[in-house]
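query36.txt follows (compact mmCIF, C-alpha atoms):
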```
# COMPACT_ATOMS: atom_id res chain seq x y z
CA LYS A 1 -2.87 23.62 -7.51
CA GLN A 2 -2.25 26.90 -5.73
CA ARG A 3 -4.94 26.30 -3.11
CA ILE A 4 -4.79 25.01 0.44
CA GLY A 5 -6.00 21.43 0.81
CA TRP A 6 -7.29 19.51 3.83
CA GLU A 7 -6.25 15.92 4.51
CA TRP A 8 -7.17 13.11 6.88
CA ARG A 9 -5.00 9.99 6.89
CA SER A 10 -4.94 6.76 8.85
CA LEU A 11 -2.04 4.25 8.81
CA TRP A 12 -1.94 0.74 10.18
CA PRO A 13 0.54 -2.16 10.05
CA GLU A 14 -0.04 -5.34 8.09
CA ASN A 15 -0.59 -7.46 11.22
CA CYS A 16 -3.59 -5.39 12.42
CA SER A 17 -7.13 -6.14 11.40
CA PRO A 18 -8.07 -4.39 8.16
CA ILE A 19 -9.82 -1.10 8.60
CA PRO A 20 -13.34 -1.41 7.18
CA VAL A 21 -14.17 1.49 4.92
CA HIS A 22 -17.80 2.57 5.01
CA LEU A 23 -17.97 5.44 2.54
CA VAL A 24 -21.74 5.79 2.32
CA PRO A 25 -22.01 9.13 0.45
CA PHE A 26 -20.61 7.74 -2.80
CA SER A 27 -20.17 4.50 -4.67
CA ILE A 28 -17.23 3.25 -6.65
CA SER A 29 -18.56 2.16 -10.02
CA SER A 30 -15.45 0.36 -11.24
CA LEU A 31 -11.92 -0.44 -10.14
CA ASN A 32 -10.87 0.98 -13.52
CA ASP A 33 -11.77 4.42 -12.14
CA PHE A 34 -8.76 4.25 -9.80
CA GLU A 35 -5.47 5.87 -10.80
CA ASN A 36 -2.61 3.55 -9.81
CA ILE A 37 0.77 5.09 -9.01
CA THR A 38 3.99 3.72 -7.49
CA PHE A 39 6.39 6.05 -5.69
CA GLN A 40 9.94 5.47 -4.52
CA ASP A 41 10.39 8.17 -1.88
CA THR A 42 12.83 8.96 0.86
CA TYR A 43 11.33 10.92 3.71
CA ILE A 44 13.33 13.18 5.96
CA SER A 45 12.04 12.53 9.45
CA ILE A 46 12.70 15.23 12.03
CA LYS A 47 11.77 14.45 15.62
CA LYS A 48 9.02 16.67 17.09
CA SER A 49 8.30 18.31 13.75
CA LEU A 50 5.23 18.44 11.51
CA LEU A 51 7.41 19.18 8.47
CA ASN A 52 6.40 16.99 5.55
CA LEU A 53 9.66 16.52 3.63
CA LYS A 54 10.57 13.91 1.08
CA ILE A 55 13.00 13.31 -1.72
CA ARG A 56 11.28 12.45 -4.98
CA LYS A 57 12.93 12.41 -8.40
CA GLU A 58 16.10 14.01 -7.00
CA LYS A 59 14.21 17.00 -5.57
CA LEU A 60 13.42 18.01 -2.01
CA VAL A 61 9.61 18.19 -1.85
CA TYR A 62 8.12 20.21 0.99
CA LYS A 63 4.38 20.20 1.74
CA PRO A 64 3.83 23.01 4.28
CA VAL A 65 1.39 22.32 7.11
CA ILE A 66 -0.69 25.47 7.49
CA GLU A 67 -2.98 24.32 10.27
CA LYS A 68 -3.78 21.28 12.38
CA TYR A 69 -7.41 21.09 13.45
CA ASP A 70 -8.53 18.04 15.42
CA TYR A 71 -7.38 15.07 13.32
CA LEU A 72 -7.18 17.07 10.06
CA LEU A 73 -4.24 18.86 8.47
CA ALA A 74 -4.31 21.78 6.03
CA PHE A 75 -1.45 21.95 3.54
CA SER A 76 -0.42 24.72 1.20
CA PRO A 77 0.87 23.76 -2.26
CA LYS A 78 4.06 21.69 -2.47
CA LYS A 79 7.38 23.41 -2.95
CA LYS A 80 10.13 21.61 -4.87
CA PHE A 81 13.85 22.29 -4.63
CA PRO A 82 16.28 20.44 -6.93
CA PHE A 83 19.63 19.28 -5.59
CA PRO A 84 22.18 20.75 -5.12
CA LEU A 85 20.58 23.01 -2.48
CA GLY A 86 21.88 26.29 -1.13
CA TRP A 87 21.63 27.53 2.43
CA LYS A 88 19.25 30.34 1.40
CA GLU A 89 16.69 27.81 0.10
CA LEU A 90 16.74 25.83 3.35
CA TYR A 91 17.01 28.55 5.98
CA SER A 92 13.26 29.34 5.99
CA LEU A 93 12.53 25.67 6.75
CA PHE A 94 15.35 25.21 9.28
CA PRO A 95 16.15 28.46 11.10
CA ARG A 96 18.79 26.74 13.27
CA LEU A 97 20.63 25.54 10.18
CA LEU A 98 24.25 26.57 10.42
CA TYR A 99 25.40 28.88 7.64
CA TYR A 100 26.92 27.01 4.69
CA LYS A 101 28.81 28.83 1.95
CA GLY A 102 28.80 25.74 -0.24
CA VAL A 103 25.93 23.70 -1.56
CA ILE A 104 24.28 20.59 -0.19
CA LEU A 105 24.68 17.93 -2.85
CA SER A 106 22.51 15.07 -1.62
CA PRO A 107 19.79 14.06 0.86
CA HIS A 108 22.48 12.39 2.99
CA ASP A 109 24.43 15.68 3.11
CA LEU A 110 21.23 17.51 4.05
CA VAL A 111 20.59 15.17 7.00
CA LEU A 112 24.20 15.60 8.16
CA CYS A 113 23.79 19.40 8.02
CA LEU A 114 20.53 19.16 9.96
CA GLN A 115 22.12 16.95 12.60
CA GLU A 116 25.04 19.40 12.96
CA SER A 117 22.40 22.07 13.62
CA HIS A 118 20.78 19.92 16.36
CA TYR A 119 17.80 18.68 14.37
CA GLN A 120 17.17 15.01 15.19
CA SER A 121 16.78 13.85 11.62
CA CYS A 122 17.13 10.71 9.54
CA LEU A 123 16.25 9.34 6.10
CA ILE A 124 13.49 6.76 5.65
CA SER A 125 13.19 5.08 2.25
CA LEU A 126 9.90 3.54 1.22
CA GLN A 127 7.89 2.27 -1.69
CA LYS A 128 4.29 3.40 -1.87
CA ASN A 129 1.70 1.80 -4.18
CA THR A 130 -1.25 4.14 -4.35
CA CYS A 131 -4.74 3.90 -5.80
CA ARG A 132 -6.51 7.24 -6.11
CA TYR A 133 -10.18 7.75 -6.76
CA GLU A 134 -11.79 11.10 -7.57
CA ILE A 135 -15.03 11.02 -5.58
CA THR A 136 -15.99 14.46 -6.89
CA GLU A 137 -14.03 17.21 -8.60
CA ASP A 138 -12.86 18.47 -5.20
CA LEU A 139 -12.76 15.27 -3.11
CA ARG A 140 -10.31 12.36 -3.43
CA LEU A 141 -9.85 8.97 -1.78
CA GLU A 142 -6.37 7.47 -1.65
CA LEU A 143 -5.66 3.86 -0.65
CA SER A 144 -1.99 2.93 -0.25
CA GLN A 145 0.24 -0.01 0.47
CA ILE A 146 3.59 1.12 1.93
CA MET A 147 6.73 -0.96 2.28
CA VAL A 148 9.27 0.48 4.74
CA HIS A 149 12.08 -1.35 6.57
CA ASP A 150 10.73 -4.68 5.24
CA GLN A 151 7.37 -4.00 6.91
CA LEU A 152 4.07 -3.58 5.10
CA TRP A 153 1.71 -0.78 6.11
CA TYR A 154 -1.63 0.37 4.74
CA SER A 155 -3.04 3.85 4.51
CA VAL A 156 -6.36 5.47 3.70
CA CYS A 157 -6.55 9.19 3.00
CA ILE A 158 -9.31 11.68 2.21
CA GLU A 159 -8.29 14.97 0.55
CA SER A 160 -10.29 18.05 -0.38
CA LEU A 161 -10.23 21.81 -0.50
CA SER A 162 -13.18 21.69 1.92
CA ILE A 163 -12.60 20.84 5.58
CA THR A 164 -16.30 19.94 5.83
CA GLN A 165 -16.08 17.33 3.04
CA VAL A 166 -12.95 15.76 4.54
CA ARG A 167 -14.47 15.63 8.03
CA GLU A 168 -17.75 14.10 6.80
CA CYS A 169 -15.97 11.34 4.85
CA ALA A 170 -13.38 10.70 7.57
CA ASP A 171 -16.13 10.32 10.16
CA LEU A 172 -17.59 7.49 8.03
CA ILE A 173 -14.33 5.54 8.03
CA ILE A 174 -13.85 3.46 11.15
CA PRO A 175 -10.15 3.91 12.03
CA GLN A 176 -9.93 1.13 14.65
CA LYS A 177 -6.18 0.75 15.24
CA GLY A 178 -5.10 3.19 12.53
```

As structure tokens, how would this structure be written, given the file I've shared?
Amino acid sequence: KQRIGWEWRSLWPENCSPIPVHLVPFSISSLNDFENITFQDTYISIKKSLLNLKIRKEKLVYKPVIEKYDYLLAFSPKKKFPFPLGWKELYSLFPRLLYYKGVILSPHDLVLCLQESHYQSCLISLQKNTCRYEITEDLRLELSQIMVHDQLWYSVCIESLSITQVRECADLIIPQKG
């Protein structure tokens, strides 16, 4: 869990044609091999930022982007900060954040503090139903159905410690309008 991981993801709205998945290098033996998870998350969206921030189980979860290479992203391990949050915990993420002597009690308060510091930010709540499949010990497929603002979206994701494995699998998936 302390390693950098590579990820490729494609998203598309419900009204688009389904994205055909042609994952030739492996076969799925049974739908029972999928791990099914439902998340209730609130993302903190910041305009013109690659920060991956969400609120999950009353904690700020930050997945640092280490590198962007073509259509792939490398992430370092997630960092979790329980609310209430102090300025010192947030300053490394938001260097323009105005100094606060008090604590930030909620995600709403955090967004207000970010906006006061000229970050164009907002909260986006969503429900994500995810099916994960371990292709190999180091390679994972994730298929998701995402409900946000009463709209349904779909997502396919390939994750691995190896950029080569992610690229090879991603190149086999036809992204069409994703």

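Taking CA of Glu142 in chain A as the reference point, CA of Ala74 in chain A is found at 16.4 Å.
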
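Separating CA of His118 in chain A from CA of Lys48 in chain A is a distance of 12.2 Å.
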
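Interatomic distance, CA of Leu139 in chain A against CA of Ile37 in chain A: 17.9 Å.
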
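With all atoms listed in the file as the atoms that count, the residue of A:Ile55, A:Ile146, A:Leu97, A:Leu85 with the shortest distance to Thr38 in chain A is A:Ile146.
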
Judged by only C-alpha atoms, the minimum distance to Asp33 in chain A among A:Cys131, A:Cys122, A:Leu143, A:Leu53 is found for A:Cys131

Counting all atoms listed in the file, the residue among A:Thr164, A:Ser76, A:Gln151, A:Ser92 that lies closest to Lys128 in chain A is A:Gln151

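Distances to Thr42 in chain A were evaluated for A:Ser30, A:Ser17, A:Ser155, A:Gln127 using all atoms listed in the file, and the minimum falls at A:Gln127.
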
Serialized range 66-86 of chain A w/ C-alpha atoms as a PDB file, in the first residue's frame:
```pdb
ATOM      1  CA  ILE A  66       2.794  12.173  -8.795  1.00  0.00           C
ATOM      2  CA  GLU A  67       2.961  12.243 -12.571  1.00  0.00           C
ATOM      3  CA  LYS A  68       0.754  12.547 -15.625  1.00  0.00           C
ATOM      4  CA  TYR A  69       2.091  10.687 -18.649  1.00  0.00           C
ATOM      5  CA  ASP A  70      -0.029  10.663 -21.811  1.00  0.00           C
ATOM      6  CA  TYR A  71      -3.448   9.450 -20.646  1.00  0.00           C
ATOM      7  CA  LEU A  72      -2.111   7.743 -17.485  1.00  0.00           C
ATOM      8  CA  LEU A  73      -1.791   9.069 -13.944  1.00  0.00           C
ATOM      9  CA  ALA A  74       0.597   7.917 -11.221  1.00  0.00           C
ATOM     10  CA  PHE A  75      -0.653   8.249  -7.650  1.00  0.00           C
ATOM     11  CA  SER A  76       1.195   7.908  -4.386  1.00  0.00           C
ATOM     12  CA  PRO A  77      -0.616   6.258  -1.463  1.00  0.00           C
ATOM     13  CA  LYS A  78      -3.749   7.947  -0.116  1.00  0.00           C
ATOM     14  CA  LYS A  79      -3.500  10.287   2.837  1.00  0.00           C
ATOM     15  CA  LYS A  80      -6.437  10.545   5.240  1.00  0.00           C
ATOM     16  CA  PHE A  81      -7.193  13.456   7.549  1.00  0.00           C
ATOM     17  CA  PRO A  82     -10.109  13.218  10.016  1.00  0.00           C
ATOM     18  CA  PHE A  83     -12.270  16.272  10.669  1.00  0.00           C
ATOM     19  CA  PRO A  84     -11.828  18.666  12.381  1.00  0.00           C
ATOM     20  CA  LEU A  85      -8.807  19.788  10.323  1.00  0.00           C
ATOM     21  CA  GLY A  86      -6.128  22.264  11.281  1.00  0.00           C
TER      22      GLY A  86
END
```
